[in-house]
Structure formats: structure tokens, C-alpha cells
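Single-structure report; data block below.
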Amino acid sequence: MLYLIKFAKWFMLFMPIIVIFFQDNGLEMRHIFLLKAINAVTVVVLEIPSGYMADVLGRRKTLILGTILNFGGFVAYSLAHGFGGFVIAELMIGVSMSFISGADSAMLFDTLKNTKRTGEYAKFEGRITALGNFSEAAAGIVGGFLAGISLRLPFEIQAVVAFIGIPAAILLWEPKLSAHVQKASMLAIFRTMRYALVENPMLRTYILFSSFAGMTSLTLAWFVQPFFKSIDLPLEWFGILWTALNLSVAITAMLAYKAEKAIPANIILIFVALFTGGGFMLLGFTAGLWGIAVLFGIYLVRGMATPILKDYINRNTESHIRATVLSVRSFIIRIGFAVISPFLGWYTDHYDLQDALKIAGAIFTIGMLVAAVMHRKFEKIPQQADLTD
């Protein structure tokens with residue numbers, strides 16, 4: 001059922017043409033990034049409380065609520081025709097994302113832990129990540145054809161796809177390890193945050209590194225289509241290349257567990273920093289078709305990084321706070337994106353796309369390299385903390 005939820009979440013028919021759709025409805029890049037920043041702030045506000053709800057009330061209940069809101073968000077999108085309507089849709093989708101984020105990965109890890117198979121987490125997370133990207137790749141092809149009929153049609157069909165996640169979430173079984181949870185209180189939330197970001201330095205480094213890596217992926221997704229336009233790529237190629245990029249992520253995600261076993265963590269962190277953040281900067285210096293090759297390089301490394309980084313976090317986290325800790329990571333990603341994306345959108349509109357790419361890449365690369373240095377410092381320190389109420 002987690003696979004089906006992932007499919008419903010990532011079969012995004014609208015993504016290959018969403019920037020074009022927004023512009024067709026009168027939005028400029030600064031409006032688009034502001035819209036996504038509103039989504040990010042919504043997720044930020046609810047991210048950690050929703051993760052805590054998943055720990056206290058159960059992963060299944062929060063996933064059910066998240067899938068219902070996701071369906072409602074795309075119904076709203078299919079009916080909206082201006083910035084105000086898009087804000088309502090993004091608010092609903094943002095709340096949905098906060099309830100799904102963390103709960104799905106926590107449910108997977110604890111299900112494996114219940115069957116003494118945690119060593120296979122990276123493999124299964126890689127498969128789920130790959131399924132998501134295979135779904136997004138297939139959606140890119142279908143969405144391109146649908147957009148040829150109407151730019152709004154992909155959103156209308158998207159609402160139908162989103163509905164599939166609701167019965168899938170209802171049919172989930174709660175892992176037994178998730179049944180024993182901490183007492184519900186705001187104090188417990190702050191204690192978990194303190195543990196994740198202060199008391200456990202190794203977990204902190206993984207969260208910070210993964211957060212900057214996540215910001216890189218999230219920001220790049222909104223720069224791909226403007227980049228395609230900047231090199232005068234024909235519109236019919238948008239869906240094809242979007243599909244190919246997501247297929248590249250899927251392939252490396254499925255093989256990520258092998259890389260994790262073969263390569264030390266500190267090497268993986270440096271590699272990811274240089275090839276994603278550094279690749280982002282390189283994209284700013286690259287014009288024409290060579291930029292597409294750089295994009296593929298970034299997406300290949302991104303596919304490998306996602307399941308490995310989540311595994312690092314899960315292995316340093318206890319079951320009864322797992323969803324909350326994973327939500328801390330998502331919280332940092334979203335708040336970072338909410339802060340930087342409006343500036344990048346404004347800079348792109350008023351100055352230059354290439355320079356905006358360089359600025360973003362420099363920020364993300366420095367952030368990841370700082371976290372990698374912290375990892376080397378703390379990797380031999382025993383991690384202990386009292387998490388009892």
C-alpha cells in the first residue's frame with residue numbers, strides 16, 4: 001500500500017508544464033516562487049506537529065488524512081484560474097504533504113524493524129523512491145499529451161490519481177513497534193527536536209546534510225523548465241526530458257543500497273555535495289545542450305542520495321520518535337526553500353537565470369560541505385540521550 005500511496009503522490013501529470021500553466025494564467029516567476037514558498041511555509045508550520053501526531057496517534061491515521069487533503073488540493077487546482085485560487089490549492093497540498101512526510105518512511109522502517117529486516121531499509125526505500133520517479137516519468141509523457149489538449153486537463157486527471165491514495169492508506173496496517181509512543185505534549189516535541197538537533201551530533205549532521213540536499217532537489221525542480229526555455233528547447237521535448245530525468249533518478253535509487261554498503265558515509269556525503277550542489281552551480285555556467293548533460297548528472301546522484309540519507313537518519317533514531325525526527329528534516333528543507341525561493345524567483349525575473357543558478361548552487365554546496373565536515377568530527381563520538389518522559 002505504501003507503493004500505491006507513492007504512486008498516487010508522484011504520478012504528477014502537471015509537472016512538465018506547470019510553469020507554462022502558471023504563466024498562461026498570468027503569473028511571473030516571482031509569483032510562481034512565492035506560490036511555492038506559501039506551500040513550503042504551510043508545510044513548515046505543520047511539519048513537526050504532524051510528524052509528532054504520526055508518532056502519537058499512528059502513522060496510518062495521518063497518512064489517511066494526508067491522502068484526503070492531497071485529493072482536495074488537486075480538485076481545487078483544477079477549478080482555480082488565478083493566484084488566489086492557486087494559493088488555496090497549495091495550502092491544501094501543503095497540509096497534505098506535512099501529514100504524509102515522515103509518516104511513510106517511519107512506517108516502512110518500523111515495519112522492517114518488526115520483522116528484523118532493518119538492514120534492507122535502503123533497498124526498500126530505494127524501490128519506493130524509484131517507483132515514485134518511474135511514476136513521475138510516465139506522468140511526464142502522459143501529461144505532455146494531455147497538455148496538448150488543454151493545459152488544465154493534467155490537473156483534472158491529477159485529482160483522480162490523487163484519490164487512489166485514500167483507499168491505499170485506509171488498507172495499511174500499523175506496525176506494532178509504533179504502538180508504544182510517548183505521552184502527547186508540546187514538551188515532548190521540543191525534547192525530540194533538542195535530541196535530534198543538539199544532543200545527538202551525528203543525527204544532527206545527517207539531518208542538516210539531508211536538508212540541504214533536499215533543498216537542492218526541490219529548488220532545481222522549479223528551475224528545470226525555465227532552463228529548458230532559456231536554451232530554446234521545443235515545448236514537445238519538455239515532457240520527454242522530464243521523463244528521462246526521472247528515470248535516471250529511479251535507476252540509481254534502486255541501486256543505492258549497494259553504494260551504501262560499498263562506500264564509507266563520509267565519502268558519500270562529499271560526493272553528493274559536489275555533484276548536486278556543485279552541479280547546480282555548473283548549470284549556471286553552462287549554455288545549450290551541455291546543460292542537459294549536467295542536469296542528468298545531478299539527477300543520477302540525487303537518486304542515489306535520497307534513500308541512503310534517509311537510512312542514515314533512521315539508523316540514528318528510536319522508533320517512538322522516528323516520524324517526528326524525519327519531519328524535522330522536512331521542516332528544515334521547507335523553511336530553507338521558503339526563505340530562498342522568492343529571492344531566486346525575483347532575481348531570475350529582474351536579472352539573469354544563470355546567475356540565480358550559481359547563487360543557489362553555492363549556498364547548497366557550502367551547506368552540504370559544512371555538514372560533511374561536522375560528520376567527520378562526530379563520527380566516532382558515542383550517541384546517547386535520555387528520551388523518556
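By order in the C-alpha cells, chains are A, B, ...; within a chain, residues start at 1; ligands start at 1, following the order shown.
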query: Thr205 in chain A: which residues within 10 Å, counting only C-alpha atoms, same-chain residues fewer than 6 positions away excluded, as a count of residues only?
result: 15
Close residues, Phe155 in chain A itself excluded, 12 Å, only C-alpha atoms, min 6 positions apart in chain, as a CSV table (one decimal) with N, CA, C and O atoms, in the first residue's frame:
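Output file result.csv follows:
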```csv
chain,number,residue,atom,x,y,z
A,11,PHE,N,2.7,10.5,-9.3
A,11,PHE,CA,2.3,10.4,-10.7
A,11,PHE,C,1.8,11.8,-11.1
A,11,PHE,O,0.6,12.0,-11.3
A,12,MET,N,2.7,12.7,-11.3
A,12,MET,CA,2.4,14.2,-11.4
A,12,MET,C,2.3,14.6,-12.8
A,12,MET,O,3.3,14.9,-13.5
A,13,LEU,N,1.1,14.5,-13.3
A,13,LEU,CA,0.8,14.8,-14.8
A,13,LEU,C,1.1,16.2,-15.1
A,13,LEU,O,1.4,16.5,-16.3
A,14,PHE,N,1.1,17.1,-14.1
A,14,PHE,CA,1.2,18.5,-14.4
A,14,PHE,C,2.6,19.0,-14.4
A,14,PHE,O,2.9,20.2,-14.9
A,15,MET,N,3.6,18.3,-13.8
A,15,MET,CA,4.9,18.8,-13.6
A,15,MET,C,5.6,19.3,-14.9
A,15,MET,O,6.3,20.3,-14.9
A,16,PRO,N,5.5,18.6,-16.0
A,16,PRO,CA,6.3,19.0,-17.2
A,16,PRO,C,5.8,20.4,-17.7
A,16,PRO,O,6.5,21.0,-18.5
A,17,ILE,N,4.6,20.8,-17.4
A,17,ILE,CA,4.1,22.0,-18.0
A,17,ILE,C,3.6,23.0,-16.9
A,17,ILE,O,2.9,24.0,-17.2
A,18,ILE,N,3.9,22.8,-15.6
A,18,ILE,CA,3.3,23.6,-14.6
A,18,ILE,C,3.7,25.1,-14.7
A,18,ILE,O,2.9,26.0,-14.4
A,21,PHE,N,1.8,26.5,-17.4
A,21,PHE,CA,0.5,26.7,-17.0
A,21,PHE,C,0.3,28.0,-16.1
A,21,PHE,O,-0.6,28.7,-16.3
A,71,PHE,N,-6.0,14.9,-2.4
A,71,PHE,CA,-7.1,14.8,-3.4
A,71,PHE,C,-7.8,16.2,-3.4
A,71,PHE,O,-8.0,16.7,-4.5
A,72,GLY,N,-8.1,16.8,-2.3
A,72,GLY,CA,-8.8,18.0,-2.3
A,72,GLY,C,-8.0,19.2,-2.9
A,72,GLY,O,-8.6,20.0,-3.6
A,73,GLY,N,-6.7,19.1,-2.7
A,73,GLY,CA,-5.9,20.2,-3.3
A,73,GLY,C,-5.9,20.2,-4.8
A,73,GLY,O,-5.9,21.2,-5.4
A,74,PHE,N,-5.9,19.0,-5.4
A,74,PHE,CA,-5.9,19.0,-6.8
A,74,PHE,C,-7.3,19.2,-7.4
A,74,PHE,O,-7.4,19.7,-8.6
A,75,VAL,N,-8.3,18.9,-6.7
A,75,VAL,CA,-9.7,19.4,-7.1
A,75,VAL,C,-9.7,20.9,-7.1
A,75,VAL,O,-10.2,21.5,-8.1
A,76,ALA,N,-9.1,21.5,-6.1
A,76,ALA,CA,-9.0,23.0,-6.1
A,76,ALA,C,-8.2,23.5,-7.2
A,76,ALA,O,-8.6,24.5,-7.8
A,77,TYR,N,-7.1,22.9,-7.5
A,77,TYR,CA,-6.3,23.3,-8.6
A,77,TYR,C,-7.0,23.3,-10.0
A,77,TYR,O,-6.9,24.1,-10.8
A,78,SER,N,-7.8,22.2,-10.2
A,78,SER,CA,-8.5,22.0,-11.4
A,78,SER,C,-9.6,23.1,-11.6
A,78,SER,O,-10.0,23.3,-12.8
A,79,LEU,N,-10.0,23.8,-10.5
A,79,LEU,CA,-11.0,24.8,-10.6
A,79,LEU,C,-10.5,26.2,-10.6
A,79,LEU,O,-11.2,27.1,-10.9
A,80,ALA,N,-9.2,26.4,-10.2
A,80,ALA,CA,-8.7,27.7,-10.0
A,80,ALA,C,-8.2,28.3,-11.3
A,80,ALA,O,-7.8,27.6,-12.2
A,81,HIS,N,-8.3,29.7,-11.3
A,81,HIS,CA,-7.9,30.4,-12.6
A,81,HIS,C,-7.0,31.6,-12.3
A,81,HIS,O,-6.7,32.4,-13.2
A,86,PHE,N,-5.0,29.5,-6.7
A,86,PHE,CA,-3.8,28.6,-6.6
A,86,PHE,C,-3.3,28.6,-5.2
A,86,PHE,O,-2.8,27.5,-4.7
A,89,ALA,N,-5.3,26.0,-3.3
A,89,ALA,CA,-4.8,24.7,-3.7
A,89,ALA,C,-3.5,24.3,-3.0
A,89,ALA,O,-3.3,23.2,-2.5
A,139,ALA,N,4.2,9.9,-16.0
A,139,ALA,CA,3.3,11.0,-15.9
A,139,ALA,C,3.8,12.1,-16.9
A,139,ALA,O,3.0,12.9,-17.4
A,142,VAL,N,2.5,11.2,-20.3
A,142,VAL,CA,1.0,11.3,-20.4
A,142,VAL,C,0.6,12.8,-20.3
A,142,VAL,O,-0.2,13.3,-21.0
A,143,GLY,N,1.3,13.5,-19.3
A,143,GLY,CA,0.9,14.9,-19.0
A,143,GLY,C,1.2,15.8,-20.2
A,143,GLY,O,0.5,16.7,-20.5
A,144,GLY,N,2.3,15.5,-21.0
A,144,GLY,CA,2.6,16.2,-22.2
A,144,GLY,C,1.5,16.1,-23.2
A,144,GLY,O,1.1,17.1,-23.8
A,146,LEU,N,-1.7,15.3,-22.6
A,146,LEU,CA,-2.9,15.9,-22.1
A,146,LEU,C,-2.8,17.4,-22.2
A,146,LEU,O,-3.8,18.1,-22.5
A,147,ALA,N,-1.6,18.0,-22.0
A,147,ALA,CA,-1.4,19.4,-22.1
A,147,ALA,C,-1.6,19.9,-23.5
A,147,ALA,O,-2.0,21.1,-23.8
A,161,VAL,N,-6.1,10.7,-9.9
A,161,VAL,CA,-5.0,9.9,-9.5
A,161,VAL,C,-4.8,10.0,-8.0
A,161,VAL,O,-4.5,9.1,-7.3
A,162,ALA,N,-4.9,11.3,-7.5
A,162,ALA,CA,-4.7,11.5,-6.0
A,162,ALA,C,-5.7,10.7,-5.2
A,162,ALA,O,-5.4,10.3,-4.1
```
task: Give me the residues within 8 Å of Ile32 in chain A as number ranges by chain, counting only C-alpha atoms and dropping any in the same chain fewer than 3 places off.
output: A: 19, 22, 27-29, 35-36, 345
Kindly save the residues from that selection, with C-alpha atoms included, as an mmCIF file, in the first residue's frame.
```cif
data_model
loop_
_atom_site.group_PDB
_atom_site.id
_atom_site.type_symbol
_atom_site.label_atom_id
_atom_site.label_comp_id
_atom_site.auth_asym_id
_atom_site.auth_seq_id
_atom_site.Cartn_x
_atom_site.Cartn_y
_atom_site.Cartn_z
ATOM 1 C CA VAL A 19 5.447 26.696 -15.073
ATOM 2 C CA PHE A 22 1.132 29.344 -14.320
ATOM 3 C CA LEU A 27 1.867 34.564 -13.204
ATOM 4 C CA GLU A 28 5.522 35.586 -13.461
ATOM 5 C CA MET A 29 8.474 33.696 -11.963
ATOM 6 C CA LEU A 35 3.268 30.392 -4.509
ATOM 7 C CA LYS A 36 5.675 27.550 -3.798
ATOM 8 C CA GLY A 345 12.401 33.943 -8.444
#
```
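In this comparison, which uses only C-alpha atoms, the residue of A:Ile335, A:Leu274, A:Leu4, A:Ala244 approaching Phe296 in chain A most closely is A:Ala244.
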Which range 233-345 of chain A residues have any atom within 10 Å of an atom of range 129-133 of chain A, and for each, what is the nearest pair of atoms with distance in Å to one decimal, counting only C-alpha atoms, rows sorted by chain and number, as CSV?
```
residue,atom,partner,partner_atom,distance
A:Thr243,CA,A:Asn133,CA,8.6
A:Ala244,CA,A:Asn133,CA,9.8
A:Leu245,CA,A:Asn133,CA,8.8
A:Asn246,CA,A:Asn133,CA,5.0
A:Leu247,CA,A:Asn133,CA,6.2
A:Ser248,CA,A:Asn133,CA,8.4
A:Val249,CA,A:Asn133,CA,6.5
A:Ala250,CA,A:Ala130,CA,3.8
A:Ile251,CA,A:Ala130,CA,6.7
A:Thr252,CA,A:Ala130,CA,8.0
A:Ala253,CA,A:Ala130,CA,5.5
A:Met254,CA,A:Ala130,CA,6.0
A:Leu255,CA,A:Ala130,CA,9.6
A:Gly303,CA,A:Thr129,CA,7.7
A:Met304,CA,A:Thr129,CA,9.6
A:Thr306,CA,A:Thr129,CA,7.7
A:Pro307,CA,A:Thr129,CA,7.2
```
